[in-house]
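Beneath this line is the structure, given in C-alpha cells, with notes to follow.
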Amino acid sequence: LMADFFASPYTAVAATVSSLGPGTTRSLTPPLPLLMHTEVAAVDNENEALRVLGFPQGVLSKKAGLQIPLNEEWVAVFQQLMDKTNKIKELGRGRDGSGMSHSTLAVQSVSVLHNDRLWNEYTCKRNNVLTEYADQTIAQISATTDGWEAAAAFSLNPAINEKFLFHGCAGDFVSAKIAGGLQTQVSRAGLFGKGVYLAECCSKSDEYTTPDSDGVCYMFVVRACVGNFYRQLKQSTDQLIAPCTHMHLHKGANPACDHPKHHSMLAEVRSKEFPNAFLQRYREFIFYENAFTYPQFLVKYKRT
C-alpha cells in the first residue's frame, strides 16, 4: 500500500526522497521539505510503514483513506500559499463573509491525503480528458494558485488546466470528505446549481468554514482538472450538469442534447473584460462530476 502511495500523486517527491538516502534532512530542489521520513519510500509492509511514520497499528483504513501529517517546513510552504491567495481587502465583505474581522489565515498543520479509490477515479477522468482533446487545444485559464513552488513536485498538467484549488468546510464534514471525496450529491444548490464549488483564493473558501471549539478551521487543497471550461456570467441555480460544448445550458439532470459536455464551469467576476458578470468579488470553479476533483491536502488554520 505504501508503495502505491508513492507511485500515485507523489511520484516526483518520492523519487527525490528515495535518491537522498536514509537520514537526509535537507530540502528538495525546487526547495521543498521532505514529505516524511526518507525510509518510508522503501517500505513495502503496511504495518512497518506505519511504525516508521509513527502511527499506531490499525489506524490505516482503505475506506477512510490515508492522512499523513507533514512537518513544520511544509506548514511554512502552505502558509506561503495561503498568504499568496488571501485577498485581505475582501475579508468581511459580501453575503458569505459578512461579520468577519480577521486578516490572516494562520496555518497550524497540514496533512497529505491519499485515497486509492478517489485517486483512481480522478486519474481515469483526467486521462479521458487527455484522450478527448488529443488533437485539440484547450483554452488555457490562469488561477491565483499558479506559481506556487510546491506544485512543481506534483506534475500538474497545464494542457488540461489542472490546478490546485481550495474547498472550505466545517470540521464535522472533514472525515466524510476524506473518505468519499467532494460530492455533488450532498452539496446544496448554489448560485450555479448543485456542484462541487472550488475557489482560487483561500479567503473565499474561508467563508464556508466554521471554527471548532479550539478556533481551528479546515480547508482542503484540491487537485482539480478544470479541462475545457464553460465561462459563466449569469446565475444558473438549477444547473445539475455541465453545459455542452455547443453552449446549451442544461437545466435539471437530463441533458437537452447529446453534444459533449464541458468539464467544468468558471463563474467570472465583474471586470472591464466582463462588465455584465454576476459575481463581484471572487471567481468560482464549479464541477458537476465528483471525479474531476481530488482532495489532496488538509490544512488546519486559525483566523487571526
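Residue numbers start at 1 in each chain; chains themselves are named A, B, ... in the order of the C-alpha cells; ligands are numbered from 1 in the order shown.
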Open item on the list: So that I can check the surroundings of region 257-270 of chain A, please list as a list in words every protein, DNA and RNA residue that reaches within 7 Å of it, counting only C-alpha atoms and ignoring chain neighbours fewer than 2 positions away.
Closed with: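 Once the nearby chain positions are removed, what remains is Val226, Gly227, Asn228, Phe229, Tyr230, Arg231, Gln232, Leu233, Ala242, Pro243, Cys244, Thr245, His246, Pro255, Phe274, Pro275, Asn276, Ala277, Phe278, Leu279, Gln280, Arg281, Tyr282, Arg283, Glu284, Phe285, Ile286, Phe287 and Tyr288 of chain A.
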Task: Contacts of Lys163 (chain A) at 8 Å (only C-alpha atoms; same-chain gap of 2+ positions) as number ranges by chain - done: A: 143, 145-146, 156, 158, 161, 165, 223-226
Open item on the list: I'd like to know which residues of region 54-264 of chain A are strand (DSSP E or B) (by DSSP, run on the backbone); could you write them as a ChimeraX atom specification?
Closed with: /A:61,65-69,105-114,162-169,190,193,196-199,216-225,229-232,239,244,251-252,261,264
Could the residues in this selection be written to a file with N, CA and C atoms, as a short mmCIF file (atom, residue, chain, number, x, y, z; two decimals), in the first residue's frame?
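Dumped to selection_20.cif:
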```
data_model
loop_
_atom_site.label_atom_id
_atom_site.label_comp_id
_atom_site.auth_asym_id
_atom_site.auth_seq_id
_atom_site.Cartn_x
_atom_site.Cartn_y
_atom_site.Cartn_z
N SER A 61 -7.07 2.90 7.16
CA SER A 61 -8.29 2.31 6.64
C SER A 61 -8.42 2.66 5.17
N GLY A 65 -9.30 6.29 3.83
CA GLY A 65 -8.18 6.98 3.21
C GLY A 65 -7.04 7.14 4.19
N LEU A 66 -5.94 7.63 3.68
CA LEU A 66 -4.71 7.79 4.47
C LEU A 66 -4.45 9.28 4.70
N GLN A 67 -4.18 9.63 5.93
CA GLN A 67 -3.93 11.01 6.32
C GLN A 67 -2.56 11.06 7.00
N ILE A 68 -1.59 11.77 6.42
CA ILE A 68 -0.25 11.81 6.98
C ILE A 68 0.14 13.24 7.32
N PRO A 69 0.38 13.55 8.58
CA PRO A 69 0.80 14.90 8.95
C PRO A 69 2.17 15.23 8.36
N LEU A 105 -4.92 34.04 7.71
CA LEU A 105 -5.24 32.63 7.94
C LEU A 105 -3.93 31.96 8.32
N ALA A 106 -3.78 31.67 9.61
CA ALA A 106 -2.51 31.15 10.15
C ALA A 106 -2.53 29.63 10.17
N VAL A 107 -1.72 29.01 9.34
CA VAL A 107 -1.70 27.55 9.21
C VAL A 107 -1.14 26.92 10.49
N GLN A 108 -1.88 25.96 11.03
CA GLN A 108 -1.46 25.23 12.24
C GLN A 108 -0.83 23.88 11.90
N SER A 109 -1.39 23.20 10.91
CA SER A 109 -0.87 21.90 10.50
C SER A 109 -1.36 21.58 9.09
N VAL A 110 -0.65 20.66 8.44
CA VAL A 110 -1.02 20.21 7.10
C VAL A 110 -0.89 18.70 7.04
N SER A 111 -1.86 18.04 6.45
CA SER A 111 -1.78 16.60 6.21
C SER A 111 -1.93 16.34 4.72
N VAL A 112 -1.16 15.39 4.22
CA VAL A 112 -1.33 14.93 2.85
C VAL A 112 -2.30 13.76 2.89
N LEU A 113 -3.20 13.70 1.91
CA LEU A 113 -4.26 12.70 1.90
C LEU A 113 -4.06 11.74 0.75
N HIS A 114 -4.42 10.48 0.98
CA HIS A 114 -4.42 9.52 -0.12
C HIS A 114 -5.57 8.55 0.04
N GLU A 162 -5.03 21.65 -15.25
CA GLU A 162 -5.02 21.00 -13.94
C GLU A 162 -4.48 21.99 -12.91
N LYS A 163 -5.23 22.21 -11.84
CA LYS A 163 -4.92 23.25 -10.87
C LYS A 163 -5.01 22.73 -9.44
N PHE A 164 -4.40 23.46 -8.52
CA PHE A 164 -4.70 23.34 -7.10
C PHE A 164 -5.68 24.44 -6.75
N LEU A 165 -6.82 24.05 -6.15
CA LEU A 165 -7.85 25.00 -5.75
C LEU A 165 -8.28 24.69 -4.32
N PHE A 166 -9.10 25.53 -3.74
CA PHE A 166 -9.47 25.43 -2.32
C PHE A 166 -10.93 25.02 -2.14
N HIS A 167 -11.17 24.34 -1.01
CA HIS A 167 -12.53 23.99 -0.60
C HIS A 167 -12.59 24.01 0.92
N GLY A 168 -13.38 24.91 1.47
CA GLY A 168 -13.51 25.01 2.92
C GLY A 168 -14.79 24.36 3.41
N CYS A 169 -14.75 23.83 4.63
CA CYS A 169 -15.95 23.21 5.20
C CYS A 169 -15.83 23.20 6.72
N GLY A 190 -26.14 26.03 -5.17
CA GLY A 190 -25.65 27.40 -5.01
C GLY A 190 -26.08 28.28 -6.17
N GLY A 193 -26.00 26.23 -9.36
CA GLY A 193 -26.56 24.90 -9.32
C GLY A 193 -25.91 24.00 -8.29
N VAL A 196 -19.74 20.76 -7.13
CA VAL A 196 -18.60 20.93 -6.23
C VAL A 196 -18.01 22.31 -6.51
N TYR A 197 -18.02 23.19 -5.51
CA TYR A 197 -17.55 24.56 -5.67
C TYR A 197 -16.13 24.70 -5.11
N LEU A 198 -15.22 25.16 -5.94
CA LEU A 198 -13.84 25.40 -5.53
C LEU A 198 -13.47 26.85 -5.81
N ALA A 199 -12.45 27.32 -5.11
CA ALA A 199 -12.01 28.71 -5.26
C ALA A 199 -10.51 28.77 -5.48
N VAL A 216 -10.06 26.24 15.45
CA VAL A 216 -9.41 25.68 14.25
C VAL A 216 -10.42 25.56 13.12
N CYS A 217 -10.01 26.00 11.93
CA CYS A 217 -10.82 25.86 10.72
C CYS A 217 -10.16 24.84 9.79
N TYR A 218 -10.94 24.31 8.84
CA TYR A 218 -10.46 23.24 7.97
C TYR A 218 -10.67 23.61 6.50
N MET A 219 -9.61 23.40 5.72
CA MET A 219 -9.69 23.69 4.30
C MET A 219 -8.90 22.64 3.51
N PHE A 220 -9.51 22.15 2.42
CA PHE A 220 -8.83 21.23 1.54
C PHE A 220 -8.13 21.99 0.42
N VAL A 221 -6.92 21.56 0.09
CA VAL A 221 -6.28 21.99 -1.14
C VAL A 221 -6.53 20.87 -2.13
N VAL A 222 -7.28 21.17 -3.16
CA VAL A 222 -7.84 20.17 -4.06
C VAL A 222 -7.14 20.19 -5.41
N ARG A 223 -6.77 19.02 -5.87
CA ARG A 223 -6.25 18.88 -7.23
C ARG A 223 -7.46 18.78 -8.15
N ALA A 224 -7.55 19.64 -9.15
CA ALA A 224 -8.75 19.69 -9.99
C ALA A 224 -8.38 19.75 -11.46
N CYS A 225 -9.12 18.99 -12.26
CA CYS A 225 -8.98 19.03 -13.71
C CYS A 225 -10.06 19.95 -14.26
N PHE A 229 -13.42 24.42 -19.97
CA PHE A 229 -14.38 25.05 -19.06
C PHE A 229 -15.39 25.91 -19.81
N TYR A 230 -16.57 26.07 -19.20
CA TYR A 230 -17.60 26.97 -19.71
C TYR A 230 -17.54 28.24 -18.87
N ARG A 231 -17.40 29.38 -19.53
CA ARG A 231 -17.32 30.65 -18.81
C ARG A 231 -18.73 31.19 -18.59
N GLN A 232 -19.12 31.29 -17.33
CA GLN A 232 -20.47 31.70 -16.96
C GLN A 232 -20.45 33.12 -16.40
N GLN A 239 -28.73 24.44 -12.31
CA GLN A 239 -27.74 23.68 -13.08
C GLN A 239 -27.37 22.40 -12.32
N CYS A 244 -23.02 21.97 -22.53
CA CYS A 244 -22.36 21.26 -23.61
C CYS A 244 -21.44 22.21 -24.37
N LYS A 251 -30.69 22.48 -17.88
CA LYS A 251 -31.34 22.69 -16.60
C LYS A 251 -31.95 21.37 -16.16
N GLY A 252 -31.64 20.96 -14.93
CA GLY A 252 -32.09 19.68 -14.45
C GLY A 252 -31.06 18.60 -14.74
N LYS A 261 -20.00 17.47 -23.24
CA LYS A 261 -20.15 18.49 -22.20
C LYS A 261 -18.80 19.13 -21.86
N SER A 264 -16.07 21.65 -16.72
CA SER A 264 -16.30 22.46 -15.52
C SER A 264 -16.92 23.78 -15.94
#
```
- [ ] Identify which of the residues A:Ser142, A:Pro211, A:Phe78, A:Gln183 lies closest to Thr304 (chain A), counting only C-alpha atoms when measuring atom-to-atom distances.
- [x] A:Pro211
Open item on the list: I need the alpha helix (DSSP H) residues of region 61-290 of chain A per DSSP on the backbone, written as a PyMOL selection string.
Closed with: chain A and resi 72-84+94-97+116-132+174-180+202-205
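Look at Asp135 (chain A): the protein and nucleic acid residues within 12 Å of it, using only C-alpha atoms and passing over chain neighbours fewer than 5 places away, are Val129, Leu130 and Ala159 of chain A.
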Take the residues from that selection and put them in a file with N, CA and C atoms, as a short mmCIF file (atom, residue, chain, number, x, y, z; two decimals), in the first residue's frame.
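Contents of the output file result36.cif:
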```cif
data_model
loop_
_atom_site.label_atom_id
_atom_site.label_comp_id
_atom_site.auth_asym_id
_atom_site.auth_seq_id
_atom_site.Cartn_x
_atom_site.Cartn_y
_atom_site.Cartn_z
N VAL A 129 -9.96 13.14 -20.43
CA VAL A 129 -9.85 14.49 -20.99
C VAL A 129 -8.67 14.57 -21.95
N LEU A 130 -7.54 13.99 -21.56
CA LEU A 130 -6.36 13.98 -22.43
C LEU A 130 -6.66 13.27 -23.75
N ALA A 159 -1.87 21.52 -19.89
CA ALA A 159 -2.60 21.35 -21.15
C ALA A 159 -4.08 21.10 -20.92
#
```
